[in-house]
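> mmCIF, C-alpha atoms, saved as target.cif, coming up:
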data_data
loop_
_atom_site.label_atom_id
_atom_site.label_comp_id
_atom_site.auth_asym_id
_atom_site.auth_seq_id
_atom_site.Cartn_x
_atom_site.Cartn_y
_atom_site.Cartn_z
CA MET V 1 0.00 0.00 0.00
CA SER V 2 1.16 3.46 -0.76
CA ALA V 3 1.34 6.23 1.78
CA GLY V 4 1.65 8.87 -0.90
CA SER V 5 -1.83 10.18 -0.15
CA LEU V 6 -0.79 10.70 3.49
CA GLY V 7 1.43 13.61 2.68
CA GLY V 8 4.55 11.68 3.68
CA SER V 9 3.59 11.90 7.35
CA PRO V 10 4.65 8.56 8.88
CA GLY V 11 3.20 9.47 12.28
CA GLY V 12 -0.09 10.69 10.81
CA PHE V 13 -3.42 8.93 11.19
CA PRO V 14 -2.83 6.81 14.31
CA ALA V 15 -5.56 4.40 15.42
CA LEU V 16 -6.88 4.38 18.98
CA VAL V 17 -6.68 0.78 20.21
CA LEU V 18 -9.43 -0.51 22.48
CA ASN V 19 -9.54 -3.81 24.30
CA ALA V 20 -12.34 -6.26 23.48
CA ASP V 21 -14.43 -4.56 26.21
CA PHE V 22 -14.13 -1.26 24.27
CA ARG V 23 -11.92 0.42 26.88
CA PRO V 24 -8.51 1.80 25.85
CA LEU V 25 -5.65 -0.59 26.50
CA SER V 26 -3.88 2.31 28.16
CA TYR V 27 -4.71 5.94 28.86
CA PHE V 28 -1.20 7.15 29.60
CA PRO V 29 0.51 6.66 27.34
CA LEU V 30 -2.57 6.46 25.15
CA SER V 31 -2.80 3.14 23.29
CA LEU V 32 -2.21 4.10 19.67
CA TRP V 33 -1.03 2.11 16.66
CA SER V 34 0.39 3.48 13.45
CA TRP V 35 -1.94 3.35 10.47
CA GLN V 36 0.27 0.60 8.99
CA ASP V 37 -0.12 -1.64 12.06
CA ALA V 38 -3.85 -0.95 12.20
CA VAL V 39 -4.36 -1.87 8.53
CA LYS V 40 -2.31 -5.04 8.99
CA ALA V 41 -4.42 -6.03 12.04
CA VAL V 42 -7.61 -5.45 10.01
CA TYR V 43 -6.40 -7.74 7.22
CA LEU V 44 -5.34 -10.39 9.76
CA ASP V 45 -8.86 -10.16 11.29
CA ARG V 46 -7.48 -9.38 14.76
CA VAL V 47 -9.48 -6.16 15.25
CA SER V 48 -12.86 -4.65 14.50
CA VAL V 49 -12.94 -1.19 12.94
CA LEU V 50 -15.20 1.17 14.90
CA SER V 51 -14.38 4.46 13.18
CA GLU V 52 -12.40 5.56 10.13
CA TYR V 53 -10.59 8.61 8.81
CA GLU V 54 -11.64 10.14 5.50
CA THR V 55 -8.20 9.21 4.11
CA SER V 56 -7.67 5.98 2.18
CA VAL V 57 -4.67 3.95 1.12
CA ARG V 58 -4.50 1.87 -2.03
CA SER V 59 -2.75 -1.24 -3.23
CA PRO V 60 -3.08 -2.60 -6.77
CA ARG V 61 -6.15 -4.61 -5.68
CA HIS V 62 -7.61 -2.87 -2.64
CA THR V 63 -8.60 0.53 -1.30
CA ILE V 64 -9.13 0.87 2.45
CA ARG V 65 -10.07 3.84 4.57
CA LEU V 66 -7.66 4.25 7.46
CA PRO V 67 -9.07 3.10 10.81
CA SER V 68 -9.19 5.78 13.51
CA VAL V 69 -10.63 3.54 16.28
CA ILE V 70 -10.16 -0.23 16.45
CA ALA V 71 -11.11 -2.84 19.06
CA LEU V 72 -9.21 -6.06 19.64
CA LYS V 73 -11.23 -9.21 19.03
CA ASP V 74 -9.50 -11.03 21.91
CA TYR V 75 -9.55 -9.51 25.40
CA ILE V 76 -6.17 -8.74 26.98
CA PRO V 77 -6.37 -8.70 30.80
CA SER V 78 -4.60 -5.75 32.40
CA ALA V 79 -1.61 -6.43 34.60
CA ARG V 80 -2.66 -6.89 38.21
CA ARG V 81 0.57 -5.40 39.49
CA PRO V 82 1.95 -2.41 37.62
CA ALA V 83 5.66 -2.39 36.90
CA PHE V 84 7.73 -0.39 39.37
CA THR V 85 9.14 2.23 36.98
CA ARG V 86 10.05 5.89 37.29
CA PHE V 87 7.21 6.79 34.93
CA ASN V 88 4.63 4.82 36.96
CA VAL V 89 5.80 6.49 40.18
CA PHE V 90 5.34 9.89 38.50
CA LEU V 91 1.90 8.80 37.24
CA ARG V 92 0.86 7.52 40.69
CA ASP V 93 1.87 10.87 42.20
CA GLY V 94 0.16 12.91 39.48
CA PHE V 95 3.43 14.34 38.06
CA SER V 96 3.62 16.53 41.18
CA CYS V 97 6.14 16.84 43.97
CA VAL V 98 4.73 15.04 47.02
CA TYR V 99 6.46 17.54 49.31
CA CYS V 100 5.50 20.96 47.89
CA GLY V 101 2.62 19.79 45.68
CA GLU V 102 3.84 21.62 42.58
CA GLU V 103 3.11 19.97 39.23
CA ARG V 104 6.15 20.02 36.95
CA PRO V 105 7.23 18.71 33.55
CA THR V 106 8.68 15.20 33.68
CA GLN V 107 12.23 16.41 33.01
CA GLU V 108 12.08 18.54 36.18
CA LEU V 109 11.01 15.66 38.41
CA THR V 110 13.13 13.15 40.30
CA PHE V 111 12.26 10.44 42.72
CA ASP V 112 13.12 10.52 46.39
CA HIS V 113 13.55 7.75 48.94
CA VAL V 114 11.38 8.81 51.90
CA ILE V 115 13.72 6.80 54.14
CA PRO V 116 17.07 7.40 52.43
CA ARG V 117 19.00 4.40 51.17
CA SER V 118 21.91 5.52 53.35
CA ARG V 119 19.56 4.97 56.31
CA GLY V 120 18.40 1.53 55.19
CA GLY V 121 15.51 2.62 52.95
CA ARG V 122 14.56 0.34 50.09
CA THR V 123 13.78 1.19 46.50
CA SER V 124 10.13 0.14 46.50
CA TRP V 125 6.63 1.50 45.91
CA GLU V 126 6.28 2.07 49.65
CA ASN V 127 9.44 4.19 49.97
CA VAL V 128 9.86 6.06 46.66
CA VAL V 129 7.96 9.25 45.82
CA THR V 130 8.03 11.93 43.14
CA ALA V 131 9.94 15.07 44.11
CA CYS V 132 10.98 18.27 42.41
CA GLY V 133 14.69 19.05 42.33
CA PRO V 134 14.61 21.79 45.00
CA CYS V 135 12.67 19.64 47.49
CA ASN V 136 14.85 16.60 46.81
CA LEU V 137 18.01 18.66 47.43
CA ARG V 138 16.54 20.20 50.57
CA LYS V 139 15.57 16.82 52.01
CA GLY V 140 18.85 15.16 51.06
CA SER V 141 19.63 12.11 53.17
CA LYS V 142 17.53 13.18 56.13
CA LEU V 143 14.47 11.43 57.52
CA PRO V 144 11.16 13.28 57.06
CA GLN V 145 10.83 14.02 60.80
CA GLU V 146 14.37 15.45 60.98
CA ILE V 147 13.66 18.13 58.36
CA ARG V 148 9.87 18.38 58.78
CA MET V 149 9.21 17.32 55.16
CA PHE V 150 6.46 14.73 54.98
CA PRO V 151 4.91 13.29 51.81
CA ARG V 152 1.36 14.59 51.26
CA CYS V 153 0.19 10.98 50.92
CA THR V 154 1.64 7.69 52.06
CA PRO V 155 3.50 5.99 49.22
CA ARG V 156 2.08 2.61 48.26
CA GLN V 157 1.82 0.28 45.31
CA PRO V 158 -1.04 1.43 43.07
CA THR V 159 -3.32 -0.90 41.18
CA GLY V 160 -3.34 -0.95 37.40
CA TRP V 161 -6.80 0.64 37.51
CA GLU V 162 -5.53 3.53 39.65
CA LEU V 163 -2.74 4.26 37.18
CA GLN V 164 -5.21 4.11 34.28
CA ASP V 165 -7.53 6.47 36.14
CA ASN V 166 -4.66 8.88 36.84
CA GLY V 167 -3.68 8.72 33.17
CA ARG V 168 -7.08 10.11 32.15
CA MET V 169 -6.17 13.37 33.90
CA PHE V 170 -3.26 13.88 31.48
CA PRO V 171 -4.72 13.67 27.97
CA PRO V 172 -2.24 13.75 25.09
CA ASN V 173 -1.79 16.93 23.08
CA TYR V 174 -3.74 15.53 20.16
CA LEU V 175 -7.12 13.77 20.38
CA HIS V 176 -8.95 12.99 17.17
CA GLU V 177 -12.67 13.77 17.41
CA SER V 178 -13.55 10.10 16.69
CA TRP V 179 -11.69 9.00 19.85
CA ARG V 180 -13.50 11.14 22.41
CA ASP V 181 -16.52 8.88 22.92
CA TYR V 182 -14.27 5.88 23.53
CA LEU V 183 -11.89 7.63 25.90
CA TYR V 184 -14.44 9.15 28.23
CA TRP V 185 -17.50 6.91 27.86
CA ASP V 186 -17.57 6.05 31.56
CA THR V 187 -17.49 9.62 32.86
CA GLU V 188 -20.56 11.04 34.55
CA LEU V 189 -22.87 12.94 32.25
CA GLU V 190 -23.94 16.48 33.04
CA SER V 191 -27.54 16.81 34.24
#
Produce structure tokens that represent the structure in this file.


Amino acid sequence: MSAGSLGGSPGGFPALVLNADFRPLSYFPLSLWSWQDAVKAVYLDRVSVLSEYETSVRSPRHTIRLPSVIALKDYIPSARRPAFTRFNVFLRDGFSCVYCGEERPTQELTFDHVIPRSRGGRTSWENVVTACGPCNLRKGSKLPQEIRMFPRCTPRQPTGWELQDNGRMFPPNYLHESWRDYLYWDTELES
């Protein structure tokens, strides 16, 4: 198939990927496939097309409109225990410093051991929090009670659902109009 009609934009026309229950596989990062992967999945009969772009691609024998929303035919269960990663710690803490509460861009955030490693603290969900640089420097290797810096909430391992829910608060910069109903279908309607 030729992408000539796509204006040479390889990242253009992504497809929102929903699980078989019509919920996004992930909110943050949003579960998107390239148009090439989406078209391949359609031809392999692995997905159902729920919405399409106006743009088409052609091969010598076929013309297909690019899918904008697809749903997997087989359900993929979400992980019961989220991976302990820097990104997931930031997501759990809402991309905000747990000490001063200020929301910052990811590149300005660090993580802090509430009980410093030099004092026997472990690198775990229950001891690592998101901190801004100034707060992390101020706290240093001191215990919270020594410097009177306490996390605003007790660090703990989140569930996969909690991370997904937090991810909804940080929508990507670009949302195609055909995705909106599928991303926020379980939000409360205005009365």

> Extract, using only C-alpha atoms, all DNA, RNA and protein residues at most 10 Å from Arg104 in chain V, discarding same-chain residues fewer than 3 positions from it, and format them as a PyMOL selection string.

chain V and resi 94-97+101+107-109+131-132

> I'd like to know which of V:Thr159, V:Thr63, V:Leu18, V:Trp125 is closest to Leu32 in chain V, using only C-alpha atoms.

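Smallest separation from Leu32 in chain V among the options: V:Leu18.
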
> For Tyr99 in chain V, which of V:Ala83, V:Cys153, V:Ala15, V:Ile70 is the closest residue, counting only C-alpha atoms?

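Counting only C-alpha atoms, the residue closest to Tyr99 in chain V is V:Cys153.
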
> Starting from the displayed file, determine the output of the PyMOL selection byres ((chain V and resi 151) around 9) and express the residue list as a PyMOL selection string.

chain V and resi 97-100+114+129+144+149-150+152-155

> Please measure the separation of CA of Ser48 in chain V and CA of Arg61 in chain V, giving the value in Å to one decimal.

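Result for CA of Ser48 in chain V versus CA of Arg61 in chain V: 21.3 Å, one decimal.
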
> Go ahead and compute the interatomic distance for CA of Asp112 in chain V and CA of Ser78 in chain V, in Å to one decimal.

27.8 Å

> One decimal, in Å: what's the spacing between CA of Arg148 in chain V and CA of Pro134 in chain V?

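For CA of Arg148 in chain V relative to CA of Pro134 in chain V, the distance reads 15.0 Å.
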
> Which is closest to Val57 in chain V among V:Gln36, V:Gly121, V:Tyr27, V:Val69, if we use only C-alpha atoms?

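Nearest to Val57 in chain V: V:Gln36.
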
> Using all atoms listed in the file, which of V:Ser26, V:Asn19, V:Ser141, V:Thr106 sits nearest Glu162 in chain V?

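Counting all atoms listed in the file, the residue closest to Glu162 in chain V is V:Ser26.
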
> Using all atoms listed in the file, find the one residue out of V:Leu143, V:Leu30, V:Ile64, V:Ile115 that sits nearest to Glu52 in chain V.

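Checking each of V:Leu143, V:Leu30, V:Ile64, V:Ile115 against Glu52 in chain V, counting all atoms listed in the file, the winner is V:Ile64.
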
> Atoms are missing here; could range 46-66 of chain V be completed with N, CA, C and O atoms and written as a compact mmCIF listing (two decimals), keeping the file's coordinate frame?


# COMPACT_ATOMS: atom_id res chain seq x y z
N ARG V 46 -7.74 -9.41 13.32
CA ARG V 46 -7.48 -9.38 14.76
C ARG V 46 -8.24 -8.26 15.46
O ARG V 46 -8.28 -8.22 16.68
N VAL V 47 -8.78 -7.31 14.68
CA VAL V 47 -9.48 -6.16 15.25
C VAL V 47 -10.77 -5.89 14.49
O VAL V 47 -10.95 -6.33 13.35
N SER V 48 -11.66 -5.16 15.15
CA SER V 48 -12.86 -4.65 14.50
C SER V 48 -12.67 -3.15 14.33
O SER V 48 -12.20 -2.47 15.25
N VAL V 49 -13.05 -2.62 13.19
CA VAL V 49 -12.94 -1.19 12.94
C VAL V 49 -14.21 -0.51 13.44
O VAL V 49 -15.31 -0.88 13.03
N LEU V 50 -14.06 0.46 14.33
CA LEU V 50 -15.20 1.17 14.90
C LEU V 50 -15.40 2.55 14.28
O LEU V 50 -16.50 3.08 14.28
N SER V 51 -14.31 3.14 13.79
CA SER V 51 -14.38 4.46 13.18
C SER V 51 -13.23 4.59 12.19
O SER V 51 -12.18 3.94 12.37
N GLU V 52 -13.42 5.41 11.17
CA GLU V 52 -12.40 5.56 10.13
C GLU V 52 -12.14 7.03 9.85
O GLU V 52 -13.00 7.88 10.06
N TYR V 53 -10.92 7.29 9.33
CA TYR V 53 -10.59 8.61 8.81
C TYR V 53 -11.18 8.73 7.41
O TYR V 53 -11.58 7.73 6.81
N GLU V 54 -11.20 9.93 6.88
CA GLU V 54 -11.64 10.14 5.50
C GLU V 54 -10.57 9.69 4.50
O GLU V 54 -10.85 9.47 3.34
N THR V 55 -9.34 9.55 4.95
CA THR V 55 -8.20 9.21 4.11
C THR V 55 -8.14 7.72 3.82
O THR V 55 -8.40 6.90 4.71
N SER V 56 -7.78 7.38 2.59
CA SER V 56 -7.67 5.98 2.18
C SER V 56 -6.25 5.69 1.71
O SER V 56 -5.51 6.60 1.32
N VAL V 57 -5.91 4.42 1.74
CA VAL V 57 -4.67 3.95 1.12
C VAL V 57 -5.05 2.91 0.08
O VAL V 57 -6.10 2.27 0.18
N ARG V 58 -4.19 2.77 -0.93
CA ARG V 58 -4.50 1.87 -2.03
C ARG V 58 -3.35 0.92 -2.29
O ARG V 58 -2.19 1.29 -2.17
N SER V 59 -3.70 -0.28 -2.68
CA SER V 59 -2.75 -1.24 -3.23
C SER V 59 -3.26 -1.51 -4.64
O SER V 59 -4.31 -1.01 -5.03
N PRO V 60 -2.57 -2.32 -5.42
CA PRO V 60 -3.08 -2.60 -6.77
C PRO V 60 -4.49 -3.21 -6.76
O PRO V 60 -5.25 -3.00 -7.69
N ARG V 61 -4.85 -3.94 -5.71
CA ARG V 61 -6.15 -4.61 -5.68
C ARG V 61 -7.16 -4.05 -4.70
O ARG V 61 -8.34 -4.34 -4.78
N HIS V 62 -6.71 -3.28 -3.71
CA HIS V 62 -7.61 -2.87 -2.64
C HIS V 62 -7.49 -1.37 -2.35
O HIS V 62 -6.43 -0.78 -2.51
N THR V 63 -8.59 -0.82 -1.87
CA THR V 63 -8.60 0.53 -1.30
C THR V 63 -9.25 0.38 0.08
O THR V 63 -10.28 -0.27 0.22
N ILE V 64 -8.61 0.97 1.09
CA ILE V 64 -9.13 0.87 2.45
C ILE V 64 -9.03 2.24 3.11
O ILE V 64 -8.01 2.92 2.99
N ARG V 65 -10.12 2.62 3.77
CA ARG V 65 -10.07 3.84 4.57
C ARG V 65 -9.30 3.52 5.84
O ARG V 65 -9.46 2.45 6.43
N LEU V 66 -8.48 4.47 6.28
CA LEU V 66 -7.66 4.25 7.46
C LEU V 66 -8.51 4.22 8.72
O LEU V 66 -9.33 5.11 8.95
